[in-house]
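**Q** Hey, dropping start-v9.cif in here, mmCIF, C-alpha atoms and all ligand atoms:
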```cif
data_upload
loop_
_atom_site.label_atom_id
_atom_site.label_comp_id
_atom_site.auth_asym_id
_atom_site.auth_seq_id
_atom_site.Cartn_x
_atom_site.Cartn_y
_atom_site.Cartn_z
CA MET Q 11 18.33 7.02 -14.21
CA ILE Q 12 15.61 4.88 -12.70
CA LEU Q 13 13.31 6.32 -10.07
CA ALA Q 14 11.40 3.59 -8.27
CA ALA Q 15 8.53 4.30 -5.90
CA ASN Q 16 7.92 1.74 -3.18
CA TRP Q 17 4.46 2.54 -1.87
CA LYS Q 18 4.68 -0.32 0.67
CA MET Q 19 1.40 -0.92 2.57
CA ASN Q 20 0.13 2.63 2.16
CA LEU Q 21 -2.84 4.37 0.51
CA LEU Q 22 -6.49 3.39 0.19
CA PRO Q 23 -7.78 2.93 -3.38
CA ASP Q 24 -8.89 6.53 -3.96
CA SER Q 25 -5.63 8.06 -2.78
CA ALA Q 26 -3.60 5.45 -4.69
CA HIS Q 27 -5.54 6.33 -7.84
CA GLU Q 28 -5.02 10.04 -7.23
CA LEU Q 29 -1.29 9.56 -6.70
CA ALA Q 30 -1.03 7.42 -9.83
CA LEU Q 31 -2.80 10.18 -11.76
CA ALA Q 32 -0.22 12.66 -10.49
CA TYR Q 33 2.59 10.30 -11.62
CA HIS Q 34 0.89 9.99 -15.00
CA LYS Q 35 0.80 13.78 -15.35
CA MET Q 36 4.45 14.02 -14.26
CA ALA Q 37 5.52 11.43 -16.83
CA SER Q 38 3.60 13.26 -19.58
CA THR Q 39 4.96 16.69 -18.60
CA HIS Q 40 8.56 15.45 -18.56
CA ALA Q 41 8.24 12.82 -21.30
CA ASP Q 42 10.74 14.49 -23.66
CA GLU Q 43 13.44 14.94 -21.01
CA MET Q 44 12.86 11.41 -19.72
CA THR Q 45 13.33 9.98 -23.20
CA ALA Q 46 16.35 12.18 -23.87
CA GLN Q 47 17.99 11.11 -20.60
CA ASN Q 48 16.95 7.46 -20.97
CA SER Q 49 15.15 7.69 -17.64
CA ALA Q 50 12.24 5.70 -16.29
CA MET Q 51 9.82 5.58 -13.40
CA VAL Q 52 8.72 2.39 -11.68
CA ILE Q 53 5.87 2.00 -9.17
CA PHE Q 54 5.69 -0.84 -6.65
CA PRO Q 55 2.07 -0.49 -5.51
CA PRO Q 56 0.14 -2.63 -3.04
CA ALA Q 57 -0.81 -5.69 -5.12
CA LEU Q 58 -4.54 -5.03 -4.85
CA TYR Q 59 -4.14 -1.91 -6.97
CA ALA Q 60 -2.24 -3.66 -9.77
CA SER Q 61 -5.02 -3.48 -12.29
CA ASP Q 62 -5.68 0.23 -11.74
CA ILE Q 63 -1.97 1.07 -11.84
CA HIS Q 64 -1.50 -1.04 -14.95
CA GLN Q 65 -4.19 0.98 -16.75
CA MET Q 66 -2.63 4.25 -15.62
CA CYS Q 67 0.83 3.26 -16.89
CA GLN Q 68 -0.39 2.67 -20.45
CA GLY Q 69 1.21 5.04 -22.93
CA THR Q 70 3.70 6.45 -20.40
CA ASP Q 71 7.32 5.80 -19.40
CA ILE Q 72 6.05 4.33 -16.13
CA THR Q 73 6.21 0.60 -15.46
CA TRP Q 74 5.19 -1.23 -12.30
CA GLY Q 75 6.03 -4.30 -10.28
CA GLY Q 76 5.12 -6.45 -7.30
CA GLN Q 77 6.57 -5.69 -3.88
CA ALA Q 78 7.11 -9.37 -3.03
CA SER Q 79 6.42 -12.80 -4.48
CA ARG Q 80 7.11 -16.36 -3.39
CA ALA Q 81 9.45 -18.56 -5.38
CA GLU Q 82 6.82 -21.28 -5.84
CA LEU Q 83 4.52 -20.94 -8.83
CA ASN Q 84 1.33 -21.90 -6.96
CA GLY Q 85 0.21 -23.85 -3.93
CA ALA Q 86 -1.09 -23.65 -0.38
CA TYR Q 87 0.55 -20.36 0.60
CA THR Q 88 -2.26 -18.29 2.08
CA GLY Q 89 -1.89 -14.58 1.45
CA ASP Q 90 1.08 -14.87 -0.89
CA MET Q 91 1.49 -14.25 -4.61
CA SER Q 92 3.72 -15.71 -7.30
CA ALA Q 93 5.80 -13.97 -9.94
CA PRO Q 94 3.73 -15.41 -12.84
CA MET Q 95 0.64 -13.83 -11.25
CA PHE Q 96 2.30 -10.42 -11.35
CA ALA Q 97 3.54 -11.03 -14.89
CA ALA Q 98 0.03 -11.99 -16.00
CA ALA Q 99 -1.33 -8.79 -14.43
CA GLY Q 100 1.04 -6.80 -16.66
CA ALA Q 101 3.91 -6.16 -14.24
CA SER Q 102 7.36 -5.51 -15.68
CA TRP Q 103 9.26 -5.70 -12.39
CA GLN Q 104 9.56 -7.65 -9.17
CA LEU Q 105 11.06 -6.21 -6.00
CA VAL Q 106 13.12 -8.90 -4.26
CA GLY Q 107 14.84 -9.00 -0.89
CA HIS Q 108 13.59 -5.76 0.64
CA SER Q 109 14.91 -5.50 4.18
CA GLU Q 110 11.35 -5.29 5.54
CA ARG Q 111 10.64 -8.70 3.96
CA ARG Q 112 13.92 -10.09 5.29
CA ALA Q 113 13.13 -8.84 8.82
CA LEU Q 114 9.35 -9.14 9.12
CA HIS Q 115 8.80 -12.24 6.96
CA HIS Q 116 12.07 -13.91 7.87
CA GLU Q 117 13.09 -14.26 4.21
CA THR Q 118 16.55 -15.78 4.01
CA ASP Q 119 19.22 -15.31 1.35
CA GLU Q 120 18.17 -18.74 0.00
CA ASP Q 121 14.51 -17.68 -0.25
CA ILE Q 122 15.57 -14.49 -1.98
CA ALA Q 123 17.76 -16.36 -4.48
CA ALA Q 124 14.80 -18.62 -5.33
CA GLN Q 125 12.38 -15.68 -5.60
CA HIS Q 126 14.83 -13.86 -7.84
CA LEU Q 127 15.11 -16.82 -10.18
CA SER Q 128 11.36 -17.39 -10.23
CA ALA Q 129 10.70 -13.72 -11.06
CA GLN Q 130 13.22 -13.74 -13.89
CA GLN Q 131 11.79 -17.00 -15.25
CA ALA Q 132 8.39 -15.29 -15.28
CA GLY Q 133 9.95 -12.67 -17.55
CA LEU Q 134 10.12 -9.91 -14.94
CA ARG Q 135 13.00 -7.52 -14.36
CA THR Q 136 14.15 -7.83 -10.77
CA MET Q 137 15.06 -5.04 -8.40
CA LEU Q 138 17.15 -6.75 -5.79
CA CYS Q 139 17.58 -4.98 -2.44
CA VAL Q 140 20.70 -5.40 -0.36
CA GLY Q 141 21.87 -3.48 2.68
CA GLU Q 142 23.57 -3.72 6.01
CA SER Q 143 22.24 -3.03 9.52
CA LEU Q 144 23.65 -0.30 11.72
CA SER Q 145 25.51 -2.82 13.84
CA ASP Q 146 27.07 -4.35 10.69
CA ARG Q 147 28.27 -0.89 9.66
CA GLN Q 148 29.55 -0.03 13.11
CA ALA Q 149 31.45 -3.32 13.19
CA GLY Q 150 33.09 -2.45 9.84
CA LYS Q 151 31.26 -5.32 8.11
CA ALA Q 152 28.99 -3.37 5.76
CA GLU Q 153 30.74 -4.41 2.55
CA GLU Q 154 31.11 -8.02 3.63
CA VAL Q 155 27.39 -8.29 4.47
CA VAL Q 156 26.19 -6.62 1.27
CA SER Q 157 28.53 -8.61 -0.91
CA GLY Q 158 27.36 -11.85 0.76
CA GLN Q 159 23.69 -10.94 0.20
CA LEU Q 160 24.35 -10.06 -3.43
CA LYS Q 161 26.39 -13.14 -4.28
CA LYS Q 162 23.87 -15.49 -2.67
CA ALA Q 163 20.86 -13.79 -4.27
CA ILE Q 164 22.20 -14.04 -7.79
CA SER Q 165 24.11 -17.28 -7.46
CA GLN Q 166 21.67 -19.16 -9.69
CA ALA Q 167 20.83 -16.30 -12.04
CA THR Q 168 22.10 -16.47 -15.58
CA ASP Q 169 20.77 -13.26 -17.07
CA PHE Q 170 22.10 -10.05 -15.59
CA SER Q 171 20.48 -7.85 -18.20
CA ALA Q 172 17.19 -7.98 -16.28
CA LEU Q 173 18.78 -7.20 -12.92
CA THR Q 174 18.79 -3.87 -11.09
CA ILE Q 175 20.27 -3.60 -7.62
CA ALA Q 176 19.06 -1.29 -4.86
CA TYR Q 177 21.56 -0.60 -2.11
CA GLU Q 178 19.50 0.29 0.94
CA PRO Q 179 21.31 0.55 4.27
CA ILE Q 180 18.66 -0.66 6.73
CA TRP Q 181 19.36 2.13 9.19
CA ALA Q 182 18.63 4.73 6.48
CA ILE Q 183 15.17 3.40 5.57
CA GLY Q 184 12.39 5.63 6.83
CA THR Q 185 14.66 7.26 9.40
CA GLY Q 186 15.66 10.52 7.71
CA HIS Q 187 19.33 9.49 7.99
CA VAL Q 188 20.99 9.21 4.59
CA ALA Q 189 24.27 7.36 4.26
CA GLU Q 190 27.42 9.47 3.83
CA PRO Q 191 28.14 10.19 0.15
CA SER Q 192 31.57 8.57 0.43
CA ASP Q 193 30.01 5.40 1.92
CA VAL Q 194 27.35 5.28 -0.80
CA GLU Q 195 29.99 5.67 -3.51
CA ALA Q 196 32.24 3.02 -1.98
CA MET Q 197 29.40 0.53 -1.66
CA HIS Q 198 28.10 1.14 -5.17
CA ARG Q 199 31.61 0.66 -6.53
CA ALA Q 200 31.97 -2.58 -4.57
CA ILE Q 201 28.63 -3.83 -5.94
CA ALA Q 202 29.64 -2.89 -9.49
CA ASP Q 203 32.95 -4.73 -9.06
CA ILE Q 204 31.21 -7.88 -7.85
CA CYS Q 205 28.80 -7.83 -10.77
CA GLN Q 206 31.42 -7.12 -13.37
CA GLY Q 207 34.23 -9.22 -12.03
CA GLN Q 208 33.25 -12.27 -10.09
CA LEU Q 209 29.87 -12.75 -11.70
CA GLY Q 210 30.94 -11.95 -15.22
CA ALA Q 211 28.20 -9.44 -15.98
CA VAL Q 212 29.02 -7.85 -19.32
CA ASP Q 213 27.23 -4.56 -18.70
CA ARG Q 214 27.03 -3.88 -15.02
CA PRO Q 215 23.46 -3.75 -13.68
CA LYS Q 216 22.09 -0.37 -12.69
CA ILE Q 217 22.59 0.35 -9.01
CA LEU Q 218 20.05 2.48 -7.16
CA TYR Q 219 20.39 3.98 -3.70
CA GLY Q 220 17.51 3.76 -1.23
CA GLY Q 221 16.94 5.06 2.28
CA SER Q 222 15.39 8.45 3.14
CA VAL Q 223 15.82 9.88 -0.38
CA LYS Q 224 14.05 13.24 -0.57
CA ALA Q 225 14.00 16.28 -2.84
CA SER Q 226 16.53 17.97 -0.54
CA ASN Q 227 19.20 15.24 -0.82
CA ALA Q 228 18.46 13.76 -4.27
CA ALA Q 229 20.82 15.89 -6.36
CA ALA Q 230 23.78 15.15 -4.06
CA LEU Q 231 23.09 11.41 -4.28
CA PHE Q 232 22.52 11.35 -8.04
CA GLY Q 233 25.80 13.18 -8.59
CA LEU Q 234 27.78 10.27 -7.07
CA SER Q 235 29.50 7.79 -9.34
CA HIS Q 236 27.74 4.46 -9.89
CA VAL Q 237 24.43 5.86 -8.58
CA ASP Q 238 21.88 5.23 -11.32
CA GLY Q 239 18.73 6.35 -9.52
CA ALA Q 240 16.81 5.70 -6.33
CA LEU Q 241 14.32 3.44 -4.63
CA ILE Q 242 12.05 5.79 -2.72
CA GLY Q 243 9.58 4.97 0.03
CA GLY Q 244 8.11 7.83 2.09
CA ALA Q 245 8.84 10.60 -0.41
CA SER Q 246 7.17 8.64 -3.22
CA LEU Q 247 3.80 9.10 -1.50
CA ILE Q 248 3.94 12.89 -2.00
CA ALA Q 249 3.57 13.76 -5.68
CA ASP Q 250 5.35 17.15 -5.52
CA GLU Q 251 8.26 15.65 -3.61
CA PHE Q 252 8.60 12.78 -6.07
CA GLU Q 253 8.47 15.20 -9.01
CA ALA Q 254 11.25 17.30 -7.46
CA ILE Q 255 13.36 14.12 -7.14
CA LEU Q 256 12.61 13.29 -10.79
CA LEU Q 257 13.70 16.78 -11.86
CA ALA Q 258 16.94 16.43 -9.87
CA ALA Q 259 17.61 13.09 -11.58
CA LEU Q 260 16.94 14.54 -15.05
CA GLU Q 261 19.17 17.53 -14.37
CA ILE Q 262 22.09 15.40 -13.20
CA ALA Q 263 21.61 12.98 -16.10
CA ALA Q 264 21.66 15.89 -18.56
CA GLN Q 265 25.01 17.06 -17.15
CA SER Q 266 26.76 13.72 -17.40
P1 LIG Q 301 12.31 5.37 2.52
O1 LIG Q 301 12.12 3.85 2.08
O2 LIG Q 301 12.54 6.19 1.28
O3 LIG Q 301 11.01 5.73 3.22
O4 LIG Q 301 13.49 5.44 3.44
C1 LIG Q 301 12.95 3.28 1.10
C2 LIG Q 301 12.62 1.83 0.92
O5 LIG Q 301 12.30 1.14 1.89
O6 LIG Q 301 12.68 1.30 -0.20
#
```
Would you mind giving the structure from this file in structure tokens?
**A**
Amino acid sequence: MILAANWKMNLLPDSAHELALAYHKMASTHADEMTAQNSAMVIFPPALYASDIHQMCQGTDITWGGQASRAELNGAYTGDMSAPMFAAAGASWQLVGHSERRALHHETDEDIAAQHLSAQQAGLRTMLCVGESLSDRQAGKAEEVVSGQLKKAISQATDFSALTIAYEPIWAIGTGHVAEPSDVEAMHRAIADICQGQLGAVDRPKILYGGSVKASNAAALFGLSHVDGALIGGASLIADEFEAILLAALEIAAQS
């Protein structure tokens, strides 16, 4: 199980530090179970806090990554960052293709494919987000849209061992509406089939669910087949809530 915390553009330095301390304590308290269940925590902090978070992750099962990076290695791109910058700062991961980047920064499937490649070339593991809009789902096109996003994003990738996929239906992000378990299972199976079949991945990448994951719905989601963890936004900002999600993940992992 992988539990990934997407802090987005939240927290001032003191509260980010305090939250990271709480994660550190959580990882120490549950270190044995996390190792036994082969589970990990990932933080995607605001980039400014990278150095502090990097220090806090030392000696724990927590790794961290950038929330977004351009495909180019350097250049006149005011306000942006490159994957090698994150790698040099000690990141292990790069989040790619989050729906907020697709919508607010107009990132296209082509941009995302290039960012994905650039992050992997920088030696980072990628967490690739895919997900349909409400209108796509209502039109019965959810699987078609997600499969198109996935195939385009990894079309140039050669190494699937460093790929994790996060299925995040856009209408479930930050809304309190979680996708139906049967829909989550069907989509995760479809993603696994694409990775294993058409793209020839030997071991299928881990597939996380994201979108309004909370302590109250975590166990039900983690019990579904092909759900290997979660990408968590709002609930990751509350230490007790995130710990309860971690405990649910560890409990389900111990049963399987
Ligand atoms: P949420 O965000 O948990 O607040 O719905 C998830 C995400 O955007 O990754």
**Q** List all protein, DNA and RNA residues that have any atom at most 8 Å from ligand LIG 301 (chain Q), counting all atoms listed in the file, and write the list as an mmCIF file with C-alpha atoms, in the frame of the given file.
**A**
```cif
data_model
loop_
_atom_site.group_PDB
_atom_site.id
_atom_site.type_symbol
_atom_site.label_atom_id
_atom_site.label_comp_id
_atom_site.auth_asym_id
_atom_site.auth_seq_id
_atom_site.Cartn_x
_atom_site.Cartn_y
_atom_site.Cartn_z
ATOM 1 C CA ALA Q 15 8.530 4.300 -5.900
ATOM 2 C CA ASN Q 16 7.920 1.740 -3.180
ATOM 3 C CA LYS Q 18 4.680 -0.320 0.670
ATOM 4 C CA HIS Q 108 13.590 -5.760 0.640
ATOM 5 C CA SER Q 109 14.910 -5.500 4.180
ATOM 6 C CA GLU Q 110 11.350 -5.290 5.540
ATOM 7 C CA GLU Q 178 19.500 0.290 0.940
ATOM 8 C CA ALA Q 182 18.630 4.730 6.480
ATOM 9 C CA ILE Q 183 15.170 3.400 5.570
ATOM 10 C CA GLY Q 184 12.390 5.630 6.830
ATOM 11 C CA THR Q 185 14.660 7.260 9.400
ATOM 12 C CA GLY Q 186 15.660 10.520 7.710
ATOM 13 C CA GLY Q 220 17.510 3.760 -1.230
ATOM 14 C CA GLY Q 221 16.940 5.060 2.280
ATOM 15 C CA SER Q 222 15.390 8.450 3.140
ATOM 16 C CA VAL Q 223 15.820 9.880 -0.380
ATOM 17 C CA LYS Q 224 14.050 13.240 -0.570
ATOM 18 C CA LEU Q 241 14.320 3.440 -4.630
ATOM 19 C CA ILE Q 242 12.050 5.790 -2.720
ATOM 20 C CA GLY Q 243 9.580 4.970 0.030
ATOM 21 C CA GLY Q 244 8.110 7.830 2.090
ATOM 22 C CA ALA Q 245 8.840 10.600 -0.410
ATOM 23 C CA SER Q 246 7.170 8.640 -3.220
#
```
**Q** Return the single residue from Q:Ala149, Q:Gly100, Q:Phe252, Q:Tyr33 that is closest to Gln65 in chain Q, with distances computed using all atoms listed in the file.
**A**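 For Gln65 in chain Q, the nearest of the candidates is Q:Gly100.
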**Q** Interatomic distance between CA of Pro215 in chain Q and CA of Leu234 in chain Q?
**A**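 Answer for the CA of Pro215 in chain Q to CA of Leu234 in chain Q separation: 16.1 Å.
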**Q** When you count all atoms listed in the file, which of these residues is closest to Thr136 in chain Q: Q:Tyr59, Q:Tyr87, Q:Trp103, Q:Phe54?
**A**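 Going through Q:Tyr59, Q:Tyr87, Q:Trp103, Q:Phe54 one by one, the smallest distance to Thr136 in chain Q is for Q:Trp103.
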**Q** Could you jot down the CA of Leu218 in chain Q to CA of Gly239 in chain Q separation for me, Å, one decimal place?
**A**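 For CA of Leu218 in chain Q relative to CA of Gly239 in chain Q, the distance reads 4.7 Å.
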**Q** With only C-alpha atoms as the atoms that count, which of Q:Ser235, Q:Ser171, Q:Gln130, Q:Thr118 lies nearest to Ala93 in chain Q?
**A**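 Distance minimum relative to Ala93 in chain Q lands on Q:Gln130.
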**Q** Identify which of the residues Q:Ile204, Q:Met95, Q:Val140, Q:Leu173 lies closest to Tyr219 in chain Q, counting all atoms listed in the file when measuring atom-to-atom distances.
**A**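 Smallest separation from Tyr219 in chain Q among the options: Q:Val140.
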**Q** Tell me which of Q:Met91, Q:Leu13, Q:Met197, Q:Met66 sits closest to Glu28 in chain Q, counting all atoms listed in the file.
**A** Q:Met66
**Q** Nearest to Trp74 in chain Q: which of Q:Gln125, Q:Asn48, Q:Thr88, Q:Gln104 is it, counting only C-alpha atoms?
**A**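 Looking at the shortest contact to Trp74 in chain Q, the residue is Q:Gln104.
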**Q** Tell me which protein, DNA and RNA residues are within 8 Å of Ile201 in chain Q, counting only C-alpha atoms, leaving out same-chain ones fewer than 5 positions away, and put them as a PyMOL selection string.
**A** chain Q and resi 157+160+217
**Q** How many Å separate CA of Glu253 in chain Q from CA of Asp62 in chain Q?
**A**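 Spanning CA of Glu253 in chain Q to CA of Asp62 in chain Q is a straight-line distance of 20.8 Å.
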**Q** Please list as an mmCIF file with C-alpha atoms, in the coordinates of the input every residue within 8 Å of Phe232 in chain Q, counting only C-alpha atoms and excluding residues in the same chain fewer than 4 positions away.
**A**
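In the end it all went to selection20.cif:
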```cif
data_model
loop_
_atom_site.group_PDB
_atom_site.id
_atom_site.type_symbol
_atom_site.label_atom_id
_atom_site.label_comp_id
_atom_site.auth_asym_id
_atom_site.auth_seq_id
_atom_site.Cartn_x
_atom_site.Cartn_y
_atom_site.Cartn_z
ATOM 1 C CA ALA Q 228 18.460 13.760 -4.270
ATOM 2 C CA VAL Q 237 24.430 5.860 -8.580
ATOM 3 C CA ASP Q 238 21.880 5.230 -11.320
ATOM 4 C CA GLY Q 239 18.730 6.350 -9.520
ATOM 5 C CA ALA Q 258 16.940 16.430 -9.870
ATOM 6 C CA ALA Q 259 17.610 13.090 -11.580
ATOM 7 C CA ILE Q 262 22.090 15.400 -13.200
#
```
**Q** Which polymer residues have any atom within 12 Å of an atom of Glu43 in chain Q, counting all atoms listed in the file, with same-chain residues fewer than 2 positions away left out, as a list in words?
**A**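 My reading of the contact set: Met11, Met36, Ala37, Ser38, Thr39, His40, Ala41, Thr45, Ala46, Gln47, Asn48, Ser49, Ala50, Asp71, Leu256, Leu257, Ala258, Ala259, Leu260, Glu261, Ile262, Ala263 and Ala264 of chain Q.
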**Q** Do you know which residues are at most 6 Å from range 161-167 of chain Q counting all atoms listed in the file, after dropping those on the same chain fewer than 3 positions away, and could you put them as an MDAnalysis selection string?
**A** chainID Q and resid 122:123 158
**Q** Kindly reconstruct range 85-95 of chain Q with all heavy atoms and present the result as a PDB file, in the coordinates of the input.
**A**
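As written to disk, rebuild-v3.pdb reads:
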```pdb
ATOM      1  N   GLY Q  85       0.252 -22.918  -5.048  1.00  0.00           N
ATOM      2  CA  GLY Q  85       0.210 -23.850  -3.930  1.00  0.00           C
ATOM      3  C   GLY Q  85      -0.489 -23.292  -2.715  1.00  0.00           C
ATOM      4  O   GLY Q  85      -1.091 -22.219  -2.760  1.00  0.00           O
ATOM      5  N   ALA Q  86      -0.396 -24.010  -1.611  1.00  0.00           N
ATOM      6  CA  ALA Q  86      -1.090 -23.650  -0.380  1.00  0.00           C
ATOM      7  C   ALA Q  86      -0.247 -22.647   0.418  1.00  0.00           C
ATOM      8  O   ALA Q  86       0.405 -22.998   1.404  1.00  0.00           O
ATOM      9  CB  ALA Q  86      -1.350 -24.919   0.430  1.00  0.00           C
ATOM     10  N   TYR Q  87      -0.234 -21.413  -0.045  1.00  0.00           N
ATOM     11  CA  TYR Q  87       0.550 -20.360   0.600  1.00  0.00           C
ATOM     12  C   TYR Q  87      -0.374 -19.167   0.837  1.00  0.00           C
ATOM     13  O   TYR Q  87      -0.353 -18.177   0.091  1.00  0.00           O
ATOM     14  CB  TYR Q  87       1.746 -19.960  -0.264  1.00  0.00           C
ATOM     15  CG  TYR Q  87       2.637 -21.129  -0.601  1.00  0.00           C
ATOM     16  CD1 TYR Q  87       2.662 -21.664  -1.878  1.00  0.00           C
ATOM     17  CD2 TYR Q  87       3.429 -21.713   0.391  1.00  0.00           C
ATOM     18  CE1 TYR Q  87       3.458 -22.758  -2.176  1.00  0.00           C
ATOM     19  CE2 TYR Q  87       4.226 -22.812   0.106  1.00  0.00           C
ATOM     20  CZ  TYR Q  87       4.233 -23.323  -1.174  1.00  0.00           C
ATOM     21  OH  TYR Q  87       5.011 -24.402  -1.465  1.00  0.00           O
ATOM     22  N   THR Q  88      -1.223 -19.287   1.831  1.00  0.00           N
ATOM     23  CA  THR Q  88      -2.260 -18.290   2.080  1.00  0.00           C
ATOM     24  C   THR Q  88      -1.685 -16.870   2.156  1.00  0.00           C
ATOM     25  O   THR Q  88      -0.728 -16.633   2.884  1.00  0.00           O
ATOM     26  CB  THR Q  88      -2.985 -18.622   3.395  1.00  0.00           C
ATOM     27  OG1 THR Q  88      -3.515 -19.937   3.273  1.00  0.00           O
ATOM     28  CG2 THR Q  88      -4.112 -17.629   3.681  1.00  0.00           C
ATOM     29  N   GLY Q  89      -2.281 -16.004   1.385  1.00  0.00           N
ATOM     30  CA  GLY Q  89      -1.890 -14.580   1.450  1.00  0.00           C
ATOM     31  C   GLY Q  89      -0.744 -14.213   0.541  1.00  0.00           C
ATOM     32  O   GLY Q  89      -0.433 -13.022   0.407  1.00  0.00           O
ATOM     33  N   ASP Q  90      -0.097 -15.185  -0.071  1.00  0.00           N
ATOM     34  CA  ASP Q  90       1.080 -14.870  -0.890  1.00  0.00           C
ATOM     35  C   ASP Q  90       0.733 -14.824  -2.384  1.00  0.00           C
ATOM     36  O   ASP Q  90      -0.342 -15.256  -2.800  1.00  0.00           O
ATOM     37  CB  ASP Q  90       2.169 -15.922  -0.664  1.00  0.00           C
ATOM     38  CG  ASP Q  90       2.840 -15.738   0.685  1.00  0.00           C
ATOM     39  OD1 ASP Q  90       2.728 -14.625   1.245  1.00  0.00           O
ATOM     40  OD2 ASP Q  90       3.444 -16.692   1.184  1.00  0.00           O
ATOM     41  N   MET Q  91       1.677 -14.321  -3.153  1.00  0.00           N
ATOM     42  CA  MET Q  91       1.490 -14.250  -4.610  1.00  0.00           C
ATOM     43  C   MET Q  91       2.747 -14.738  -5.315  1.00  0.00           C
ATOM     44  O   MET Q  91       3.833 -14.692  -4.744  1.00  0.00           O
ATOM     45  CB  MET Q  91       1.193 -12.821  -5.021  1.00  0.00           C
ATOM     46  CG  MET Q  91      -0.298 -12.595  -5.085  1.00  0.00           C
ATOM     47  SD  MET Q  91      -0.745 -10.903  -4.945  1.00  0.00           S
ATOM     48  CE  MET Q  91      -0.245 -10.533  -3.317  1.00  0.00           C
ATOM     49  N   SER Q  92       2.563 -15.203  -6.552  1.00  0.00           N
ATOM     50  CA  SER Q  92       3.720 -15.710  -7.300  1.00  0.00           C
ATOM     51  C   SER Q  92       4.092 -14.725  -8.398  1.00  0.00           C
ATOM     52  O   SER Q  92       3.273 -13.897  -8.820  1.00  0.00           O
ATOM     53  CB  SER Q  92       3.378 -17.062  -7.928  1.00  0.00           C
ATOM     54  OG  SER Q  92       2.433 -16.893  -8.961  1.00  0.00           O
ATOM     55  N   ALA Q  93       5.327 -14.860  -8.870  1.00  0.00           N
ATOM     56  CA  ALA Q  93       5.800 -13.970  -9.940  1.00  0.00           C
ATOM     57  C   ALA Q  93       4.956 -14.112 -11.211  1.00  0.00           C
ATOM     58  O   ALA Q  93       4.618 -13.094 -11.831  1.00  0.00           O
ATOM     59  CB  ALA Q  93       7.282 -14.261 -10.216  1.00  0.00           C
ATOM     60  N   PRO Q  94       4.561 -15.336 -11.630  1.00  0.00           N
ATOM     61  CA  PRO Q  94       3.730 -15.410 -12.840  1.00  0.00           C
ATOM     62  C   PRO Q  94       2.394 -14.673 -12.687  1.00  0.00           C
ATOM     63  O   PRO Q  94       1.838 -14.188 -13.665  1.00  0.00           O
ATOM     64  CB  PRO Q  94       3.503 -16.928 -13.022  1.00  0.00           C
ATOM     65  CG  PRO Q  94       4.658 -17.561 -12.333  1.00  0.00           C
ATOM     66  CD  PRO Q  94       4.981 -16.670 -11.171  1.00  0.00           C
ATOM     67  N   MET Q  95       1.880 -14.585 -11.445  1.00  0.00           N
ATOM     68  CA  MET Q  95       0.640 -13.830 -11.250  1.00  0.00           C
ATOM     69  C   MET Q  95       0.869 -12.349 -11.556  1.00  0.00           C
ATOM     70  O   MET Q  95       0.055 -11.697 -12.210  1.00  0.00           O
ATOM     71  CB  MET Q  95       0.146 -13.975  -9.802  1.00  0.00           C
ATOM     72  CG  MET Q  95      -0.367 -15.361  -9.474  1.00  0.00           C
ATOM     73  SD  MET Q  95      -0.813 -15.429  -7.724  1.00  0.00           S
ATOM     74  CE  MET Q  95      -1.277 -17.140  -7.591  1.00  0.00           C
TER      75      MET Q  95
END
```
